[in-house]
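Asker: Have a peek at query02.pdb (PDB, N, CA and C atoms).
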ATOM      1  N   MET A   4       3.803  12.332   1.011  1.00  0.00           N
ATOM      2  CA  MET A   4       2.801  11.444   0.439  1.00  0.00           C
ATOM      3  C   MET A   4       2.005  10.762   1.547  1.00  0.00           C
ATOM      4  N   LYS A   5       0.781  10.442   1.219  1.00  0.00           N
ATOM      5  CA  LYS A   5      -0.122   9.824   2.190  1.00  0.00           C
ATOM      6  C   LYS A   5       0.208   8.353   2.406  1.00  0.00           C
ATOM      7  N   LYS A   6       0.005   7.902   3.632  1.00  0.00           N
ATOM      8  CA  LYS A   6       0.175   6.484   3.971  1.00  0.00           C
ATOM      9  C   LYS A   6      -1.209   5.854   4.069  1.00  0.00           C
ATOM     10  N   TYR A   7      -1.265   4.563   3.806  1.00  0.00           N
ATOM     11  CA  TYR A   7      -2.525   3.820   3.844  1.00  0.00           C
ATOM     12  C   TYR A   7      -2.359   2.576   4.691  1.00  0.00           C
ATOM     13  N   GLU A   8      -3.407   2.250   5.457  1.00  0.00           N
ATOM     14  CA  GLU A   8      -3.344   1.123   6.380  1.00  0.00           C
ATOM     15  C   GLU A   8      -4.347   0.047   6.010  1.00  0.00           C
ATOM     16  N   CYS A   9      -3.891  -1.195   6.078  1.00  0.00           N
ATOM     17  CA  CYS A   9      -4.732  -2.366   5.882  1.00  0.00           C
ATOM     18  C   CYS A   9      -5.407  -2.682   7.219  1.00  0.00           C
ATOM     19  N   PRO A  10      -6.585  -3.291   7.209  1.00  0.00           N
ATOM     20  CA  PRO A  10      -7.210  -3.681   8.474  1.00  0.00           C
ATOM     21  C   PRO A  10      -6.328  -4.575   9.350  1.00  0.00           C
ATOM     22  N   CYS A  11      -5.361  -5.287   8.749  1.00  0.00           N
ATOM     23  CA  CYS A  11      -4.492  -6.164   9.532  1.00  0.00           C
ATOM     24  C   CYS A  11      -3.398  -5.390  10.267  1.00  0.00           C
ATOM     25  N   GLY A  12      -3.261  -4.093   9.947  1.00  0.00           N
ATOM     26  CA  GLY A  12      -2.262  -3.276  10.616  1.00  0.00           C
ATOM     27  C   GLY A  12      -1.073  -2.903   9.749  1.00  0.00           C
ATOM     28  N   TYR A  13      -0.916  -3.556   8.595  1.00  0.00           N
ATOM     29  CA  TYR A  13       0.177  -3.195   7.678  1.00  0.00           C
ATOM     30  C   TYR A  13      -0.056  -1.792   7.150  1.00  0.00           C
ATOM     31  N   ILE A  14       0.993  -0.980   7.122  1.00  0.00           N
ATOM     32  CA  ILE A  14       0.890   0.376   6.588  1.00  0.00           C
ATOM     33  C   ILE A  14       1.745   0.482   5.336  1.00  0.00           C
ATOM     34  N   TYR A  15       1.093   0.882   4.235  1.00  0.00           N
ATOM     35  CA  TYR A  15       1.836   1.138   3.008  1.00  0.00           C
ATOM     36  C   TYR A  15       2.398   2.546   3.087  1.00  0.00           C
ATOM     37  N   ASP A  16       3.732   2.639   3.042  1.00  0.00           N
ATOM     38  CA  ASP A  16       4.430   3.921   3.074  1.00  0.00           C
ATOM     39  C   ASP A  16       5.030   4.147   1.687  1.00  0.00           C
ATOM     40  N   PRO A  17       4.549   5.160   0.963  1.00  0.00           N
ATOM     41  CA  PRO A  17       5.041   5.399  -0.395  1.00  0.00           C
ATOM     42  C   PRO A  17       6.550   5.620  -0.463  1.00  0.00           C
ATOM     43  N   GLU A  18       7.143   6.149   0.585  1.00  0.00           N
ATOM     44  CA  GLU A  18       8.588   6.365   0.575  1.00  0.00           C
ATOM     45  C   GLU A  18       9.355   5.043   0.540  1.00  0.00           C
ATOM     46  N   LEU A  19       8.742   3.984   1.091  1.00  0.00           N
ATOM     47  CA  LEU A  19       9.373   2.665   1.112  1.00  0.00           C
ATOM     48  C   LEU A  19       8.917   1.788  -0.045  1.00  0.00           C
ATOM     49  N   GLY A  20       7.679   1.989  -0.508  1.00  0.00           N
ATOM     50  CA  GLY A  20       7.111   1.129  -1.536  1.00  0.00           C
ATOM     51  C   GLY A  20       6.913  -0.275  -0.988  1.00  0.00           C
ATOM     52  N   ASP A  21       6.883  -1.241  -1.876  1.00  0.00           N
ATOM     53  CA  ASP A  21       6.787  -2.663  -1.506  1.00  0.00           C
ATOM     54  C   ASP A  21       7.665  -3.435  -2.489  1.00  0.00           C
ATOM     55  N   PRO A  22       8.990  -3.300  -2.316  1.00  0.00           N
ATOM     56  CA  PRO A  22       9.915  -3.907  -3.283  1.00  0.00           C
ATOM     57  C   PRO A  22       9.713  -5.404  -3.489  1.00  0.00           C
ATOM     58  N   ASP A  23       9.305  -6.123  -2.450  1.00  0.00           N
ATOM     59  CA  ASP A  23       9.083  -7.565  -2.590  1.00  0.00           C
ATOM     60  C   ASP A  23       7.947  -7.881  -3.559  1.00  0.00           C
ATOM     61  N   SER A  24       7.046  -6.914  -3.746  1.00  0.00           N
ATOM     62  CA  SER A  24       5.928  -7.090  -4.678  1.00  0.00           C
ATOM     63  C   SER A  24       6.123  -6.302  -5.971  1.00  0.00           C
ATOM     64  N   GLY A  25       7.326  -5.750  -6.149  1.00  0.00           N
ATOM     65  CA  GLY A  25       7.616  -5.014  -7.378  1.00  0.00           C
ATOM     66  C   GLY A  25       7.168  -3.567  -7.373  1.00  0.00           C
ATOM     67  N   ILE A  26       6.839  -3.025  -6.193  1.00  0.00           N
ATOM     68  CA  ILE A  26       6.418  -1.624  -6.089  1.00  0.00           C
ATOM     69  C   ILE A  26       7.621  -0.810  -5.617  1.00  0.00           C
ATOM     70  N   ALA A  27       8.124   0.044  -6.484  1.00  0.00           N
ATOM     71  CA  ALA A  27       9.342   0.795  -6.194  1.00  0.00           C
ATOM     72  C   ALA A  27       9.110   1.871  -5.137  1.00  0.00           C
ATOM     73  N   PRO A  28      10.149   2.164  -4.339  1.00  0.00           N
ATOM     74  CA  PRO A  28      10.051   3.297  -3.411  1.00  0.00           C
ATOM     75  C   PRO A  28       9.675   4.565  -4.177  1.00  0.00           C
ATOM     76  N   GLY A  29       8.828   5.387  -3.553  1.00  0.00           N
ATOM     77  CA  GLY A  29       8.365   6.613  -4.198  1.00  0.00           C
ATOM     78  C   GLY A  29       7.073   6.446  -4.976  1.00  0.00           C
ATOM     79  N   THR A  30       6.498   5.228  -4.975  1.00  0.00           N
ATOM     80  CA  THR A  30       5.250   4.975  -5.700  1.00  0.00           C
ATOM     81  C   THR A  30       4.056   5.354  -4.833  1.00  0.00           C
ATOM     82  N   ALA A  31       3.275   6.322  -5.304  1.00  0.00           N
ATOM     83  CA  ALA A  31       2.071   6.736  -4.582  1.00  0.00           C
ATOM     84  C   ALA A  31       1.073   5.583  -4.556  1.00  0.00           C
ATOM     85  N   PHE A  32       0.279   5.516  -3.488  1.00  0.00           N
ATOM     86  CA  PHE A  32      -0.719   4.450  -3.349  1.00  0.00           C
ATOM     87  C   PHE A  32      -1.651   4.415  -4.556  1.00  0.00           C
ATOM     88  N   GLU A  33      -2.015   5.586  -5.048  1.00  0.00           N
ATOM     89  CA  GLU A  33      -2.927   5.682  -6.188  1.00  0.00           C
ATOM     90  C   GLU A  33      -2.339   5.057  -7.447  1.00  0.00           C
ATOM     91  N   ASP A  34      -1.004   4.979  -7.513  1.00  0.00           N
ATOM     92  CA  ASP A  34      -0.332   4.466  -8.707  1.00  0.00           C
ATOM     93  C   ASP A  34      -0.022   2.969  -8.640  1.00  0.00           C
ATOM     94  N   ILE A  35      -0.352   2.332  -7.519  1.00  0.00           N
ATOM     95  CA  ILE A  35      -0.153   0.891  -7.387  1.00  0.00           C
ATOM     96  C   ILE A  35      -1.221   0.183  -8.232  1.00  0.00           C
ATOM     97  N   PRO A  36      -0.863  -0.880  -8.941  1.00  0.00           N
ATOM     98  CA  PRO A  36      -1.865  -1.614  -9.729  1.00  0.00           C
ATOM     99  C   PRO A  36      -3.038  -2.089  -8.854  1.00  0.00           C
ATOM    100  N   GLU A  37      -4.215  -2.126  -9.437  1.00  0.00           N
ATOM    101  CA  GLU A  37      -5.421  -2.500  -8.698  1.00  0.00           C
ATOM    102  C   GLU A  37      -5.375  -3.938  -8.192  1.00  0.00           C
ATOM    103  N   ASP A  38      -4.566  -4.787  -8.814  1.00  0.00           N
ATOM    104  CA  ASP A  38      -4.510  -6.191  -8.382  1.00  0.00           C
ATOM    105  C   ASP A  38      -3.461  -6.430  -7.285  1.00  0.00           C
ATOM    106  N   TRP A  39      -2.807  -5.373  -6.820  1.00  0.00           N
ATOM    107  CA  TRP A  39      -1.848  -5.492  -5.714  1.00  0.00           C
ATOM    108  C   TRP A  39      -2.607  -5.878  -4.450  1.00  0.00           C
ATOM    109  N   ALA A  40      -1.962  -6.657  -3.585  1.00  0.00           N
ATOM    110  CA  ALA A  40      -2.588  -7.086  -2.332  1.00  0.00           C
ATOM    111  C   ALA A  40      -1.626  -6.853  -1.176  1.00  0.00           C
ATOM    112  N   CYS A  41      -2.194  -6.736   0.013  1.00  0.00           N
ATOM    113  CA  CYS A  41      -1.403  -6.557   1.223  1.00  0.00           C
ATOM    114  C   CYS A  41      -0.380  -7.696   1.328  1.00  0.00           C
ATOM    115  N   PRO A  42       0.900  -7.351   1.531  1.00  0.00           N
ATOM    116  CA  PRO A  42       1.913  -8.399   1.613  1.00  0.00           C
ATOM    117  C   PRO A  42       1.842  -9.218   2.906  1.00  0.00           C
ATOM    118  N   VAL A  43       1.047  -8.766   3.874  1.00  0.00           N
ATOM    119  CA  VAL A  43       0.926  -9.487   5.143  1.00  0.00           C
ATOM    120  C   VAL A  43      -0.259 -10.446   5.120  1.00  0.00           C
ATOM    121  N   CYS A  44      -1.449  -9.922   4.747  1.00  0.00           N
ATOM    122  CA  CYS A  44      -2.653 -10.754   4.855  1.00  0.00           C
ATOM    123  C   CYS A  44      -3.333 -11.058   3.516  1.00  0.00           C
ATOM    124  N   GLY A  45      -2.946 -10.358   2.456  1.00  0.00           N
ATOM    125  CA  GLY A  45      -3.497 -10.646   1.141  1.00  0.00           C
ATOM    126  C   GLY A  45      -4.773  -9.903   0.777  1.00  0.00           C
ATOM    127  N   LEU A  46      -5.244  -8.997   1.648  1.00  0.00           N
ATOM    128  CA  LEU A  46      -6.432  -8.221   1.294  1.00  0.00           C
ATOM    129  C   LEU A  46      -6.106  -7.281   0.139  1.00  0.00           C
ATOM    130  N   GLY A  47      -7.133  -6.940  -0.624  1.00  0.00           N
ATOM    131  CA  GLY A  47      -6.956  -6.076  -1.786  1.00  0.00           C
ATOM    132  C   GLY A  47      -6.767  -4.614  -1.423  1.00  0.00           C
ATOM    133  N   LYS A  48      -6.287  -3.887  -2.377  1.00  0.00           N
ATOM    134  CA  LYS A  48      -6.020  -2.448  -2.228  1.00  0.00           C
ATOM    135  C   LYS A  48      -7.249  -1.674  -1.767  1.00  0.00           C
ATOM    136  N   SER A  49      -8.429  -2.104  -2.175  1.00  0.00           N
ATOM    137  CA  SER A  49      -9.665  -1.395  -1.815  1.00  0.00           C
ATOM    138  C   SER A  49      -9.981  -1.449  -0.331  1.00  0.00           C
ATOM    139  N   GLU A  50      -9.352  -2.365   0.393  1.00  0.00           N
ATOM    140  CA  GLU A  50      -9.603  -2.510   1.822  1.00  0.00           C
ATOM    141  C   GLU A  50      -8.774  -1.539   2.674  1.00  0.00           C
ATOM    142  N   PHE A  51      -7.801  -0.870   2.079  1.00  0.00           N
ATOM    143  CA  PHE A  51      -6.931   0.043   2.807  1.00  0.00           C
ATOM    144  C   PHE A  51      -7.633   1.375   3.046  1.00  0.00           C
ATOM    145  N   SER A  52      -7.240   2.054   4.136  1.00  0.00           N
ATOM    146  CA  SER A  52      -7.768   3.381   4.429  1.00  0.00           C
ATOM    147  C   SER A  52      -6.615   4.335   4.692  1.00  0.00           C
ATOM    148  N   GLU A  53      -6.839   5.582   4.368  1.00  0.00           N
ATOM    149  CA  GLU A  53      -5.803   6.607   4.554  1.00  0.00           C
ATOM    150  C   GLU A  53      -5.550   6.842   6.046  1.00  0.00           C
ATOM    151  N   VAL A  54      -4.281   7.012   6.397  1.00  0.00           N
ATOM    152  CA  VAL A  54      -3.934   7.322   7.793  1.00  0.00           C
ATOM    153  C   VAL A  54      -3.140   8.597   7.870  1.00  0.00           C
TER     154      VAL A  54
END
Take the structure in the file and give it back as structure tokens.
Answerer:
Amino acid sequence: MKKYECPCGYIYDPELGDPDSGIAPGTAFEDIPEDWACPVCGLGKSEFSEV
């Protein structure tokens, strides 16, 4: 699965998910709710880019 990076440097890895925000491991970036935000800086999902 593809990883996505926030401008702040946080990388969303689908294999890890974001359990602290309720995103289970194995959740593809495309399947994350649109209102999810970077757990480090709070930027929205639209600000992330594929890496």
Asker: Please provide the set of residues having any atom within 8 Å of Ala31 of chain A, restricted to all atoms listed in the file, with same-chain residues fewer than 5 positions apart removed, written as an MDAnalysis selection string.
Answerer: chainID A and resid 4:5 16:18 20
Asker: Could you tell me which of A:Tyr15, A:Glu8, A:Cys41, A:Leu46 comes closest to Pro28 of chain A if we count only C-alpha atoms?
Answerer: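 With only C-alpha atoms as the atom set, the closest residue is A:Tyr15.
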Asker: Report as a PyMOL selection string: the residues of chain A with a DSSP assignment of helix (DSSP H, G or I), based on the backbone of this structure.
Answerer: chain A and resi 22-24+32-34+48-50
Asker: The PyMOL selection byres ((chain A and resi 9) around 8) - which residues does that actually catch in the file I just gave you? List them as a PyMOL selection string.
Answerer: chain A and resi 6-8+10-15+41+46-47+50-53
Asker: Can you work out the spacing between atom CA of Ile35 of chain A and atom C of Lys48 of chain A in Å, to one decimal?
Answerer: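 Answer for the atom CA of Ile35 of chain A to atom C of Lys48 of chain A separation: 9.4 Å.
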Asker: Can you measure atom CA of Pro42 of chain A to atom N of Asp23 of chain A for me? One decimal in Å is fine.
Answerer: 8.7 Å
Asker: Let's see if you can do this: from backbone DSSP, list all strand (DSSP E) residues in chain A, as a list of chain:residue names.
Answerer: A:Tyr7, A:Glu8, A:Ile14, A:Tyr15, A:Ser52, A:Glu53
